[in-house]
Structure formats: structure tokens, C-alpha cells
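This report concerns only the one structure given below.
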Amino acid sequence: MNHQIEKLYRISQQPTRRIIGLMSGTSLDGLDIALCEVQNSGTSTQMKLEKFVTMDYTDDFRQFVRRIFAKRQIDQQDLCGLNAYIGLVHADLINKALQDWGIANQDIDIIASHGQTVFHAPQILTHDKTLPNSTLQIGDGDHIAVKTGIITVSDFRQKHIAAGGEGAPLAAYGDYLLFTDDAQHRILLNIGGISNFTFLPTSNSGMKAFATDLGPGNTIMNQYVHKHCEIEMDRDAAIAYQGTVNPTLLKALLEEHFLSLDFPKTTGPELFNLAYLEAKQKETNTLLLSKEDVMATLNAFSAQAIIDGIAAVSANLENVAVYVSGGGLHNPLLMENIQAGLPKMSISSIEDIAMNPDAKEACLFAILANETIAGSSDNVRNIKDSPAICMGKISLPS
């Protein structure tokens with residue numbers, strides 16, 4: 001037997017595994033690295049976050065990715081080269097984090113790498129029936145495995161699509177295993193580039209959990225200030241706070257058909273982007289709005305898409321709580337707008353149920369890798385409209 005396969009088998013039999021979960025979102029701010037101690041699998045899974053860090057990307061790295069990110073026409077050489085380059089950069093950042101933590105690479109069992117999404121193309125978004133649902137995350141797992149010496153599980157979304165899903169969102173799988181409660185219906189809201197939530201009904205309700213995208217999160221706001229203010233984000237909503245929401249533009253932004261579709265559904269920055277904003281501004285003759293007013297309106301747009309989604313899923317339910325993670329949690333105006341739109345709802349950081357809100361997505365990919373190595377597809381059969389599968393391709397270091 002190949003000694004790496006034998007090692008993988010031993011890891012699968014251990015009561016506890018040390019797994020590094022990675023997440024790189026559409027905001028391109030950096031690589032989230034979460035070192036997790038994971039016990040058992042399925043509904044018996046227990047996870048402890050040992051270490052967490054976000055390793056900042058260089059401006060050069062961001063510019064490389066932006067050459068191809070969410071664009072239909074790109075240079076194929078850029079795409080091919082970036083698949084290897086991102087893998088190498090991520091491996092270097094993992095090695096640096098482990099060195100900083102004083103942990104040897106050989107003490108890590110598995111790396112779980114989400115990769116970098118560069119295009120998301122489910123038919124619901126492309127309206128093209130000639131090609132199947134598809135999505136592309138790059139950052140080659142073999143490069144990570146070889147450069148770190150650690151078995152790597154990557155490319156999770158492909159199995160979801162192969163089994164009949166749309167490739168996103170995947171959060172329901174880990175959320176269901178870790179956070180389902182006996183007494184409280186939970187909505188785990190993640191506000192990244194795109195906003196999404198996992199609905200977790202109480203364990204005895206007879207209802208099924210599901211995850212769904214909602215619409216814009218931070219992406220359009222980040223793209224706007226990057227282009228017009230030459231900054232990566234509207235930190236602390238400093239620009240948006242100075243503006244006034246334009247009701248005409250907001251109404252037009254909310255008229256996108258995707259926002260009225262039933263759950264679960266998936267979208268991406270391929271739809272909600274600067275081109276979308278500029279088209280709506282032309283339509284409403286609001287191209288001359290101040291930067292402050294545009295940002296206030298975009299903030300309200302993201303908030304309203306989230307409010308509408310949560311209101312729809314929580315109607316007629318009692319004892320519902322919303323727990324928030326992702327970069328949007330740190331946008332105070334966005335959080336104020338969401339709470340104002342849901343005045344009777346309990347809305348708080350997911351830290352209230354013992355999860356670091358910035359580490360959550362990276363941790364969830366560690367859970368997905370744990371299921372791939374030591375779990376079973378039977379563990380996630382109670383998730384609505386999601387295939388019961390274990391996800392990820394396994395790359396061996398040698």
C-alpha cells in the first residue's frame with residue numbers, strides 16, 4: 001500500500017484530528033487560516049478552534065486575481081498560472097502561520113482548502129441551458145500538499161454540483177452538524193462578498209435545515225470604493241454614514257429577479273457587481289450621486305436583501321435567533337440597518353454560541369474535510385435540497 005494512503009487511513013481512524021481550514025473570500029482581503037481540533041464525525045462532531053489568523057494578501061496578489069475574477073473574457077494563461085500561483089501562496093502562508101504558532105507541519109493531519117472562487121456559473125445565474133451548473137475555485141491542492149507536506153482536501157464545490165447541486169452555499173453541512181439546537185430555531189447569517197444564511201430548525205421540529213444565498217453582501221460596496229476612493233473597503237462604514245439613501249436607486253437595485261426566487265438559491269459577484277450598480281444608476285438617472293449617497297444606498301441594499309430573506313424564513317416561527325459572521329459583521333451601519341428592519345428579532349454575533357465569527361467559514365471547511373476523511377454522507381441527509389455527499393479531492397504530498 002502507498003504509505004500516504006496508509007497514513008490517511010490511520011488519520012481516519014483517530015478519535016481526534018488536527019485540521020487546518022482555509023477560506024479566501026471574494027473580498028480578497030486575505031487568507032483565513034483556522035487550526036481546528038475535530039473529534040468524531042456526523043452529529044457527534046465536536047470542534048475546538050486552537051489557533052486562527054488572517055494572513056493579508058499583497059496588493060500584487062489582489063491585482064493578479066482581479067485580472068480574472070468574475071469576468072467572462074480573460075487571458076487563459078493568467079487562469080492557468082494563477083491556479084498554481086494561488087496554491088503556492090496559500091502554502092507559504094500556511095507554513096508561515098505554523099512557524100509563528102510554533103507548530104510543526106508534521107503535527108497537522110489535514111489541510112482543508114476552499115480555494116479562490118474566480119467564477120460561479122449555475123444555470124439559475126447564467127440562464128444558459130446548453131452547459132451544466134458549474135463553478136471554479138483555483139489554488140491547486142497538489143501544490144499546497146507538496147509545499148506543506150500535509151495531506152490536502154480541496155475543490156469541495158465540484159462534488160456538490162456533480163451530485164445535482166449548484167455548488168453553493170455549502171455552509172449548511174457544517175452548520176447542521178455543529179449548531180443545531182433542541183430549543184431554538186437558528187439563522188446563521190454570513191455576510192461576505194455575497195450574503196447567505198443557514199436555517200437550522202430545532203432538532204425535534206420535523207423541518208429540514210437548508211442554506212441559501214440572499215444577495216449582495218460586501219462585494220459591490222468594496223468594488224465601488226476601490227474604484228472611486230482607491231481603498232479596499234469602507235472601514236467602519238465611514239463613507240456610508242456621511243451619505244443619504246436614495247430611494248429611487250434603492251428601489252431599482254431591489255428589482256432584480258433573483259431576489260424574489262424561492263429558497264434555496266445561489267448567486268455571486270457575476271451578478272451583483274459594479275456593472276449592475278451602474279446599469280441601475282443609468283436607469284434611474286442617478287449617475288451624479290455623491291460617493292457618500294451611493295455607499296449609503298448600497299449599504300441599505302445589502303441590508304434589505306438580508307432583511308427580506310430572514311423575514312421570509314422566520315414567518316410564523318417562535319424563538320428564532322440570528323447569529324452573524326463574516327466581514328459584514330464589522331460594518332456598523334449594515335448591522336444597524338438589519339436590526340432596524342427586524343426590530344423584534346434577536347441578532348448577535350455567532351460568538352454568542354462559541355464560534356469566532358471571523359474564523360467560521362474556515363472552520364466549516366475543516367468540518368467538511370473531516371467528513372470526507374472520517375464521516376459518511378448519511379450524516380447530512382436532513383438538509384433540504386442538498387445532495388447527501390462528502391466533498392473534496394484528496395491530494396497527497398508525495
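Chain labels run A, B, ... following the order of the C-alpha cells; each chain numbers its residues from 1, and ligands are numbered from 1 in the order shown.
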
9 Å contact set for Ile94 (chain A), only C-alpha atoms, chain neighbours under 2 positions out, as a PDB file with N, CA and C atoms, in the first residue's frame:
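Everything below was put into around23.pdb:
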```
ATOM      1  N   ILE A  20      -6.374  22.009   9.432  1.00  0.00           N
ATOM      2  CA  ILE A  20      -6.306  23.430   9.096  1.00  0.00           C
ATOM      3  C   ILE A  20      -7.358  23.726   8.037  1.00  0.00           C
ATOM      4  N   LEU A  22      -9.028  26.508   5.482  1.00  0.00           N
ATOM      5  CA  LEU A  22      -8.665  27.735   4.780  1.00  0.00           C
ATOM      6  C   LEU A  22      -9.895  28.349   4.117  1.00  0.00           C
ATOM      7  N   ILE A  33      -6.931  31.312   8.140  1.00  0.00           N
ATOM      8  CA  ILE A  33      -6.304  30.028   8.490  1.00  0.00           C
ATOM      9  C   ILE A  33      -6.764  29.651   9.892  1.00  0.00           C
ATOM     10  N   MET A  55      -4.088  36.015   7.183  1.00  0.00           N
ATOM     11  CA  MET A  55      -2.822  36.450   6.595  1.00  0.00           C
ATOM     12  C   MET A  55      -3.138  37.348   5.408  1.00  0.00           C
ATOM     13  N   VAL A  89       1.094  30.384  -2.971  1.00  0.00           N
ATOM     14  CA  VAL A  89       0.957  31.476  -1.992  1.00  0.00           C
ATOM     15  C   VAL A  89       0.269  30.971  -0.730  1.00  0.00           C
ATOM     16  N   HIS A  90      -0.805  30.216  -0.905  1.00  0.00           N
ATOM     17  CA  HIS A  90      -1.521  29.692   0.258  1.00  0.00           C
ATOM     18  C   HIS A  90      -0.632  28.752   1.068  1.00  0.00           C
ATOM     19  N   ALA A  91       0.146  27.931   0.383  1.00  0.00           N
ATOM     20  CA  ALA A  91       1.062  27.030   1.094  1.00  0.00           C
ATOM     21  C   ALA A  91       2.088  27.824   1.894  1.00  0.00           C
ATOM     22  N   ASP A  92       2.635  28.880   1.307  1.00  0.00           N
ATOM     23  CA  ASP A  92       3.600  29.719   2.020  1.00  0.00           C
ATOM     24  C   ASP A  92       2.966  30.342   3.267  1.00  0.00           C
ATOM     25  N   LYS A  96       4.026  29.772   7.121  1.00  0.00           N
ATOM     26  CA  LYS A  96       4.356  30.925   7.972  1.00  0.00           C
ATOM     27  C   LYS A  96       3.518  30.917   9.250  1.00  0.00           C
ATOM     28  N   ALA A  97       2.224  30.636   9.123  1.00  0.00           N
ATOM     29  CA  ALA A  97       1.358  30.601  10.305  1.00  0.00           C
ATOM     30  C   ALA A  97       1.806  29.519  11.279  1.00  0.00           C
ATOM     31  N   LEU A  98       2.114  28.337  10.772  1.00  0.00           N
ATOM     32  CA  LEU A  98       2.562  27.251  11.647  1.00  0.00           C
ATOM     33  C   LEU A  98       3.879  27.606  12.333  1.00  0.00           C
ATOM     34  N   GLN A  99       4.770  28.246  11.599  1.00  0.00           N
ATOM     35  CA  GLN A  99       6.039  28.670  12.201  1.00  0.00           C
ATOM     36  C   GLN A  99       5.778  29.689  13.314  1.00  0.00           C
ATOM     37  N   ILE A 144      -0.347  22.822  -2.707  1.00  0.00           N
ATOM     38  CA  ILE A 144      -0.409  23.025  -1.258  1.00  0.00           C
ATOM     39  C   ILE A 144       0.155  21.812  -0.530  1.00  0.00           C
ATOM     40  N   THR A 148       3.643  22.022   1.682  1.00  0.00           N
ATOM     41  CA  THR A 148       3.498  21.954   3.145  1.00  0.00           C
ATOM     42  C   THR A 148       3.834  20.583   3.698  1.00  0.00           C
TER      43      THR A 148
END
```

Residues within 12 Å of Asp352 (chain A), please, as a JSON list (two decimals) with N, CA, C and O atoms, in the first residue's frame. Count only C-alpha atoms; anything in the same chain fewer than 3 positions from it doesn't count.
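Listed below is the output, part04.json:
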```json
[["chain", "number", "residue", "atom", "x", "y", "z"],
["A", 179, "PHE", "N", -24.25, 23.20, 14.98],
["A", 179, "PHE", "CA", -25.02, 24.24, 15.67],
["A", 179, "PHE", "C", -26.52, 23.98, 15.80],
["A", 179, "PHE", "O", -27.23, 24.83, 16.32],
["A", 188, "LEU", "N", -28.09, 31.27, 10.81],
["A", 188, "LEU", "CA", -26.68, 31.62, 10.85],
["A", 188, "LEU", "C", -26.37, 32.45, 9.60],
["A", 188, "LEU", "O", -26.23, 31.92, 8.50],
["A", 321, "ALA", "N", -33.46, 32.99, 16.55],
["A", 321, "ALA", "CA", -32.33, 33.89, 16.79],
["A", 321, "ALA", "C", -31.42, 33.90, 15.57],
["A", 321, "ALA", "O", -31.24, 32.88, 14.90],
["A", 322, "VAL", "N", -30.85, 35.07, 15.29],
["A", 322, "VAL", "CA", -29.93, 35.24, 14.17],
["A", 322, "VAL", "C", -28.53, 35.45, 14.73],
["A", 322, "VAL", "O", -28.30, 36.30, 15.59],
["A", 323, "TYR", "N", -27.58, 34.65, 14.23],
["A", 323, "TYR", "CA", -26.18, 34.77, 14.64],
["A", 323, "TYR", "C", -25.35, 35.11, 13.41],
["A", 323, "TYR", "O", -25.42, 34.42, 12.38],
["A", 324, "VAL", "N", -24.54, 36.15, 13.50],
["A", 324, "VAL", "CA", -23.89, 36.74, 12.34],
["A", 324, "VAL", "C", -22.39, 36.47, 12.35],
["A", 324, "VAL", "O", -21.73, 36.53, 13.38],
["A", 325, "SER", "N", -21.86, 36.21, 11.16],
["A", 325, "SER", "CA", -20.42, 36.07, 10.96],
["A", 325, "SER", "C", -20.06, 36.75, 9.65],
["A", 325, "SER", "O", -20.93, 37.22, 8.91],
["A", 346, "SER", "N", -33.84, 38.73, 17.63],
["A", 346, "SER", "CA", -32.56, 38.72, 18.33],
["A", 346, "SER", "C", -31.45, 38.51, 17.31],
["A", 346, "SER", "O", -31.39, 37.48, 16.64],
["A", 347, "ILE", "N", -30.57, 39.52, 17.16],
["A", 347, "ILE", "CA", -29.48, 39.48, 16.19],
["A", 347, "ILE", "C", -28.17, 39.75, 16.93],
["A", 347, "ILE", "O", -28.02, 40.79, 17.57],
["A", 348, "SER", "N", -27.24, 38.81, 16.86],
["A", 348, "SER", "CA", -25.97, 38.98, 17.57],
["A", 348, "SER", "C", -24.87, 38.24, 16.83],
["A", 348, "SER", "O", -25.11, 37.48, 15.89],
["A", 349, "SER", "N", -23.65, 38.45, 17.27],
["A", 349, "SER", "CA", -22.50, 37.75, 16.70],
["A", 349, "SER", "C", -22.59, 36.26, 17.01],
["A", 349, "SER", "O", -23.07, 35.85, 18.07],
["A", 355, "MET", "N", -18.42, 30.52, 18.65],
["A", 355, "MET", "CA", -17.68, 30.43, 17.40],
["A", 355, "MET", "C", -17.09, 31.79, 17.07],
["A", 355, "MET", "O", -17.79, 32.80, 17.09],
["A", 356, "ASN", "N", -15.79, 31.82, 16.79],
["A", 356, "ASN", "CA", -15.15, 33.04, 16.33],
["A", 356, "ASN", "C", -15.78, 33.44, 15.00],
["A", 356, "ASN", "O", -15.71, 32.70, 14.02],
["A", 357, "PRO", "N", -16.43, 34.62, 14.91],
["A", 357, "PRO", "CA", -17.16, 34.98, 13.69],
["A", 357, "PRO", "C", -16.27, 35.13, 12.47],
["A", 357, "PRO", "O", -16.71, 34.89, 11.34]]
```

Residue nearest Gln158 (chain A) among A:Arg62, A:Arg186, A:His120, A:Arg10 (counting only C-alpha atoms): A:His120

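Minimum atom-to-atom distances from A:Arg72, A:Lys208, A:Lys344, A:Lys51 to Arg381 (chain A) were compared using only C-alpha atoms, and the lowest value belongs to A:Lys208.
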
Write out as number ranges by chain which residues come within 12 Å of Arg66 (chain A) when counting only C-alpha atoms, dropping same-chain ones fewer than 3 positions away. A: 26-28, 59-63, 69-71, 74-75, 78-79, 82, 116-119, 223, 226

Keeping only C-alpha atoms, write those residues as a tab-separated table (two decimals), in the first residue's frame.
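Final output, saved to out-v1.tsv:
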```
chain	number	residue	atom	x	y	z
A	26	THR	CA	-14.44	37.40	-2.79
A	27	SER	CA	-13.28	40.44	-0.82
A	28	LEU	CA	-9.65	39.33	-1.38
A	59	ASP	CA	-1.58	44.25	-3.49
A	60	ASP	CA	0.16	42.34	-6.29
A	61	PHE	CA	-1.74	39.18	-5.36
A	62	ARG	CA	-5.08	41.04	-5.42
A	63	GLN	CA	-4.31	42.56	-8.80
A	69	PHE	CA	-12.21	37.35	-11.08
A	70	ALA	CA	-15.88	37.10	-12.14
A	71	LYS	CA	-15.03	38.00	-15.77
A	74	ILE	CA	-9.94	36.51	-19.60
A	75	ASP	CA	-6.41	35.54	-20.60
A	78	ASP	CA	-3.47	34.08	-16.41
A	79	LEU	CA	-6.02	31.48	-15.31
A	82	LEU	CA	-2.92	31.59	-11.12
A	116	GLN	CA	-10.26	31.15	-4.53
A	117	THR	CA	-13.54	31.45	-6.38
A	118	VAL	CA	-12.97	33.09	-9.76
A	119	PHE	CA	-16.28	32.27	-11.46
A	223	GLN	CA	-15.74	47.33	-5.62
A	226	HIS	CA	-11.85	50.50	-4.67
```

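Checking A:Asn83, A:Pro264, A:Asn382, A:Lys147 one by one against Ala168 (chain A), counting only C-alpha atoms, you find the shortest gap at A:Pro264.
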
Every residue of region 92-218 of chain A that DSSP places in alpha helix (DSSP H), as a PyMOL selection string: chain A and resi 92-101+123-126+141-148+157-162+171-179

Could you list, as a compact mmCIF listing (two decimals) with N, CA and C atoms, in the first residue's frame, every residue within 9 Å of Asn379 (chain A), counting only C-alpha atoms and ignoring same-chain residues fewer than 5 positions away?
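What landed in around-v4.txt:
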```txt
# COMPACT_ATOMS: atom_id res chain seq x y z
N SER A 41 -17.33 12.46 14.18
CA SER A 41 -17.87 12.90 12.90
C SER A 41 -19.39 12.91 13.01
N GLY A 42 -20.05 13.38 11.95
CA GLY A 42 -21.51 13.41 11.94
C GLY A 42 -22.05 14.29 13.06
N THR A 43 -23.22 13.91 13.58
CA THR A 43 -23.85 14.71 14.64
C THR A 43 -23.10 14.60 15.96
N LEU A 177 -24.19 20.15 11.46
CA LEU A 177 -23.52 19.22 12.37
C LEU A 177 -23.10 19.89 13.67
N GLU A 371 -15.47 15.17 7.47
CA GLU A 371 -16.49 14.23 6.99
C GLU A 371 -15.97 13.41 5.82
N ALA A 388 -26.78 14.55 -0.35
CA ALA A 388 -26.10 13.95 0.81
C ALA A 388 -24.78 13.36 0.33
N ILE A 389 -23.72 14.10 0.53
CA ILE A 389 -22.42 13.74 -0.03
C ILE A 389 -21.29 14.16 0.92
```

Contacts of Ile187 (chain A) within 10 Å, only C-alpha atoms, excl. fewer than 6 positions in-chain, as an MDAnalysis selection string: chainID A and resid 175 196:201 209:211 310 313:314 320:324 347

Could you write out that same residue set with all heavy atoms as a short mmCIF file (atom, residue, chain, number, x, y, z; two decimals), in the first residue's frame?
```cif
data_model
loop_
_atom_site.label_atom_id
_atom_site.label_comp_id
_atom_site.auth_asym_id
_atom_site.auth_seq_id
_atom_site.Cartn_x
_atom_site.Cartn_y
_atom_site.Cartn_z
N ASP A 175 -22.71 23.72 9.45
CA ASP A 175 -23.62 24.36 10.41
C ASP A 175 -24.57 23.35 11.03
O ASP A 175 -24.81 23.37 12.24
CB ASP A 175 -24.43 25.47 9.71
CG ASP A 175 -23.60 26.70 9.39
OD1 ASP A 175 -22.52 26.86 9.99
OD2 ASP A 175 -24.04 27.50 8.55
N ASN A 196 -25.38 35.18 2.80
CA ASN A 196 -26.10 33.90 2.79
C ASN A 196 -26.44 33.53 4.23
O ASN A 196 -25.90 34.09 5.18
CB ASN A 196 -25.25 32.80 2.13
CG ASN A 196 -23.92 32.59 2.81
OD1 ASN A 196 -23.84 32.03 3.91
ND2 ASN A 196 -22.84 33.04 2.19
N PHE A 197 -27.36 32.60 4.37
CA PHE A 197 -27.63 32.09 5.71
C PHE A 197 -27.92 30.60 5.67
O PHE A 197 -28.28 30.04 4.63
CB PHE A 197 -28.74 32.86 6.45
CG PHE A 197 -30.14 32.68 5.94
CD1 PHE A 197 -30.77 31.45 5.87
CD2 PHE A 197 -30.89 33.79 5.57
CE1 PHE A 197 -32.08 31.30 5.44
CE2 PHE A 197 -32.21 33.67 5.13
CZ PHE A 197 -32.80 32.42 5.06
N THR A 198 -27.73 29.98 6.82
CA THR A 198 -28.19 28.61 7.05
C THR A 198 -29.35 28.67 8.03
O THR A 198 -29.23 29.28 9.09
CB THR A 198 -27.07 27.73 7.64
OG1 THR A 198 -25.95 27.73 6.75
CG2 THR A 198 -27.56 26.30 7.81
N PHE A 199 -30.46 28.06 7.66
CA PHE A 199 -31.60 27.96 8.57
C PHE A 199 -31.52 26.60 9.27
O PHE A 199 -31.50 25.55 8.62
CB PHE A 199 -32.92 28.07 7.80
CG PHE A 199 -34.13 27.78 8.64
CD1 PHE A 199 -34.42 28.54 9.76
CD2 PHE A 199 -34.97 26.71 8.31
CE1 PHE A 199 -35.54 28.25 10.55
CE2 PHE A 199 -36.09 26.43 9.08
CZ PHE A 199 -36.37 27.21 10.20
N LEU A 200 -31.45 26.65 10.60
CA LEU A 200 -31.36 25.43 11.40
C LEU A 200 -32.59 25.33 12.30
O LEU A 200 -32.64 25.96 13.37
CB LEU A 200 -30.09 25.46 12.27
CG LEU A 200 -28.75 25.48 11.54
CD1 LEU A 200 -27.61 25.66 12.54
CD2 LEU A 200 -28.55 24.21 10.73
N PRO A 201 -33.60 24.58 11.88
CA PRO A 201 -34.76 24.40 12.76
C PRO A 201 -34.38 23.57 13.97
O PRO A 201 -33.36 22.87 13.96
CB PRO A 201 -35.76 23.66 11.86
CG PRO A 201 -34.91 22.91 10.87
CD PRO A 201 -33.70 23.78 10.65
N ALA A 209 -33.15 21.54 7.61
CA ALA A 209 -32.20 22.65 7.50
C ALA A 209 -31.93 22.94 6.03
O ALA A 209 -32.09 22.08 5.17
CB ALA A 209 -30.90 22.29 8.21
N PHE A 210 -31.52 24.17 5.75
CA PHE A 210 -31.06 24.49 4.40
C PHE A 210 -30.19 25.73 4.45
O PHE A 210 -30.25 26.52 5.40
CB PHE A 210 -32.22 24.69 3.41
CG PHE A 210 -33.05 25.92 3.66
CD1 PHE A 210 -32.71 27.14 3.09
CD2 PHE A 210 -34.19 25.86 4.44
CE1 PHE A 210 -33.48 28.27 3.31
CE2 PHE A 210 -34.97 26.98 4.68
CZ PHE A 210 -34.61 28.20 4.10
N ALA A 211 -29.38 25.88 3.42
CA ALA A 211 -28.58 27.10 3.27
C ALA A 211 -28.94 27.75 1.95
O ALA A 211 -29.29 27.08 0.98
CB ALA A 211 -27.09 26.77 3.30
N ILE A 310 -34.52 36.86 5.80
CA ILE A 310 -34.75 36.40 7.18
C ILE A 310 -36.22 36.47 7.54
O ILE A 310 -36.77 35.55 8.17
CB ILE A 310 -33.89 37.23 8.16
CG1 ILE A 310 -32.41 36.91 7.96
CG2 ILE A 310 -34.31 36.97 9.61
CD1 ILE A 310 -31.47 37.77 8.78
N VAL A 313 -38.10 33.42 6.01
CA VAL A 313 -37.89 32.10 6.60
C VAL A 313 -38.38 32.02 8.03
O VAL A 313 -38.71 30.92 8.53
CB VAL A 313 -36.40 31.70 6.51
CG1 VAL A 313 -35.58 32.40 7.58
CG2 VAL A 313 -36.22 30.19 6.61
N SER A 314 -38.47 33.16 8.71
CA SER A 314 -38.86 33.14 10.13
C SER A 314 -40.33 33.41 10.37
O SER A 314 -40.80 33.36 11.52
CB SER A 314 -38.03 34.17 10.91
OG SER A 314 -38.27 35.48 10.42
N VAL A 320 -36.76 32.37 17.47
CA VAL A 320 -35.80 32.38 16.37
C VAL A 320 -34.70 33.39 16.71
O VAL A 320 -34.98 34.52 17.13
CB VAL A 320 -36.46 32.80 15.05
CG1 VAL A 320 -35.43 32.75 13.91
CG2 VAL A 320 -37.64 31.90 14.73
N ALA A 321 -33.46 32.99 16.55
CA ALA A 321 -32.33 33.89 16.79
C ALA A 321 -31.42 33.90 15.57
O ALA A 321 -31.24 32.88 14.90
CB ALA A 321 -31.54 33.45 18.02
N VAL A 322 -30.85 35.07 15.29
CA VAL A 322 -29.93 35.24 14.17
C VAL A 322 -28.53 35.45 14.73
O VAL A 322 -28.30 36.30 15.59
CB VAL A 322 -30.32 36.46 13.31
CG1 VAL A 322 -29.33 36.64 12.15
CG2 VAL A 322 -31.74 36.31 12.77
N TYR A 323 -27.58 34.65 14.23
CA TYR A 323 -26.18 34.77 14.64
C TYR A 323 -25.35 35.11 13.41
O TYR A 323 -25.42 34.42 12.38
CB TYR A 323 -25.71 33.46 15.28
CG TYR A 323 -26.47 33.11 16.53
CD1 TYR A 323 -27.49 32.17 16.52
CD2 TYR A 323 -26.17 33.73 17.74
CE1 TYR A 323 -28.20 31.86 17.67
CE2 TYR A 323 -26.87 33.44 18.90
CZ TYR A 323 -27.88 32.50 18.86
OH TYR A 323 -28.58 32.20 20.01
N VAL A 324 -24.54 36.15 13.50
CA VAL A 324 -23.89 36.74 12.34
C VAL A 324 -22.39 36.47 12.35
O VAL A 324 -21.73 36.53 13.38
CB VAL A 324 -24.14 38.27 12.29
CG1 VAL A 324 -23.63 38.85 10.97
CG2 VAL A 324 -25.62 38.59 12.49
N ILE A 347 -30.57 39.52 17.16
CA ILE A 347 -29.48 39.48 16.19
C ILE A 347 -28.17 39.75 16.93
O ILE A 347 -28.02 40.79 17.57
CB ILE A 347 -29.67 40.51 15.07
CG1 ILE A 347 -30.99 40.25 14.32
CG2 ILE A 347 -28.50 40.47 14.09
CD1 ILE A 347 -31.34 41.31 13.30
#
```

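Between Ser290 (chain A) and the residues A:Val65, A:Ile239, A:Leu136, A:Ala369, the shortest atom-to-atom distance, using only C-alpha atoms, involves A:Ile239.
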
Fewer than 4 positions away in the same chain doesn't count, so skip those; otherwise give me all residues within 10 Å of Asp262 (chain A), counting only C-alpha atoms, as a JSON list (two decimals) with all heavy atoms, in the first residue's frame.
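Ended up saving to result.json:
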```
[["chain", "number", "residue", "atom", "x", "y", "z"],
["A", 212, "THR", "N", -28.86, 29.07, 1.91],
["A", 212, "THR", "CA", -29.19, 29.79, 0.69],
["A", 212, "THR", "C", -28.42, 31.09, 0.61],
["A", 212, "THR", "O", -28.11, 31.72, 1.64],
["A", 212, "THR", "CB", -30.71, 30.11, 0.65],
["A", 212, "THR", "OG1", -31.01, 30.76, -0.60],
["A", 212, "THR", "CG2", -31.14, 31.02, 1.79],
["A", 258, "PHE", "N", -33.62, 37.67, -9.15],
["A", 258, "PHE", "CA", -33.05, 36.70, -8.23],
["A", 258, "PHE", "C", -33.58, 36.88, -6.82],
["A", 258, "PHE", "O", -33.82, 35.90, -6.09],
["A", 258, "PHE", "CB", -31.52, 36.81, -8.21],
["A", 258, "PHE", "CG", -30.87, 36.01, -7.12],
["A", 258, "PHE", "CD1", -30.62, 34.66, -7.30],
["A", 258, "PHE", "CD2", -30.54, 36.59, -5.90],
["A", 258, "PHE", "CE1", -30.05, 33.89, -6.28],
["A", 258, "PHE", "CE2", -29.97, 35.84, -4.88],
["A", 258, "PHE", "CZ", -29.73, 34.49, -5.08],
["A", 309, "GLY", "N", -34.94, 38.16, 3.32],
["A", 309, "GLY", "CA", -34.72, 36.72, 3.41],
["A", 309, "GLY", "C", -35.01, 36.17, 4.79],
["A", 309, "GLY", "O", -35.65, 35.13, 4.94],
["A", 312, "ALA", "N", -38.74, 36.15, 5.56],
["A", 312, "ALA", "CA", -39.46, 35.10, 4.86],
["A", 312, "ALA", "C", -39.32, 33.75, 5.57],
["A", 312, "ALA", "O", -40.30, 33.01, 5.73],
["A", 312, "ALA", "CB", -38.96, 34.99, 3.42]]
```

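Atom pair CA of Leu170 (chain A) / CA of Thr266 (chain A) has a distance of 10.4 Å (rounded to one decimal).
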
Near Ala84 (chain A), counting only C-alpha atoms, which residues have an atom at most 10 Å away, once you skip same-chain residues fewer than 6 positions from it, shown as a list in words? Ile138, Gly139, Asp140, Gly141, Asp142, His143 and Ile144 of chain A

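Rounded to one decimal, CA of Val146 (chain A) and CA of Met391 (chain A) lie 20.8 Å from each other.
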
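Going from CA of Gln39 (chain A) over to CA of Ala104 (chain A), you cover 20.4 Å.
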
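Of the residues listed (A:Met233, A:Ile394, A:Leu364, A:Leu131), A:Leu364 shows the shortest atom-to-atom separation from Pro169 (chain A); distances use only C-alpha atoms.
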
Which of these, A:His160, A:Lys282, A:His257, A:Lys265, has the shortest distance to Ser195 (chain A) once you count only C-alpha atoms? A:Lys265
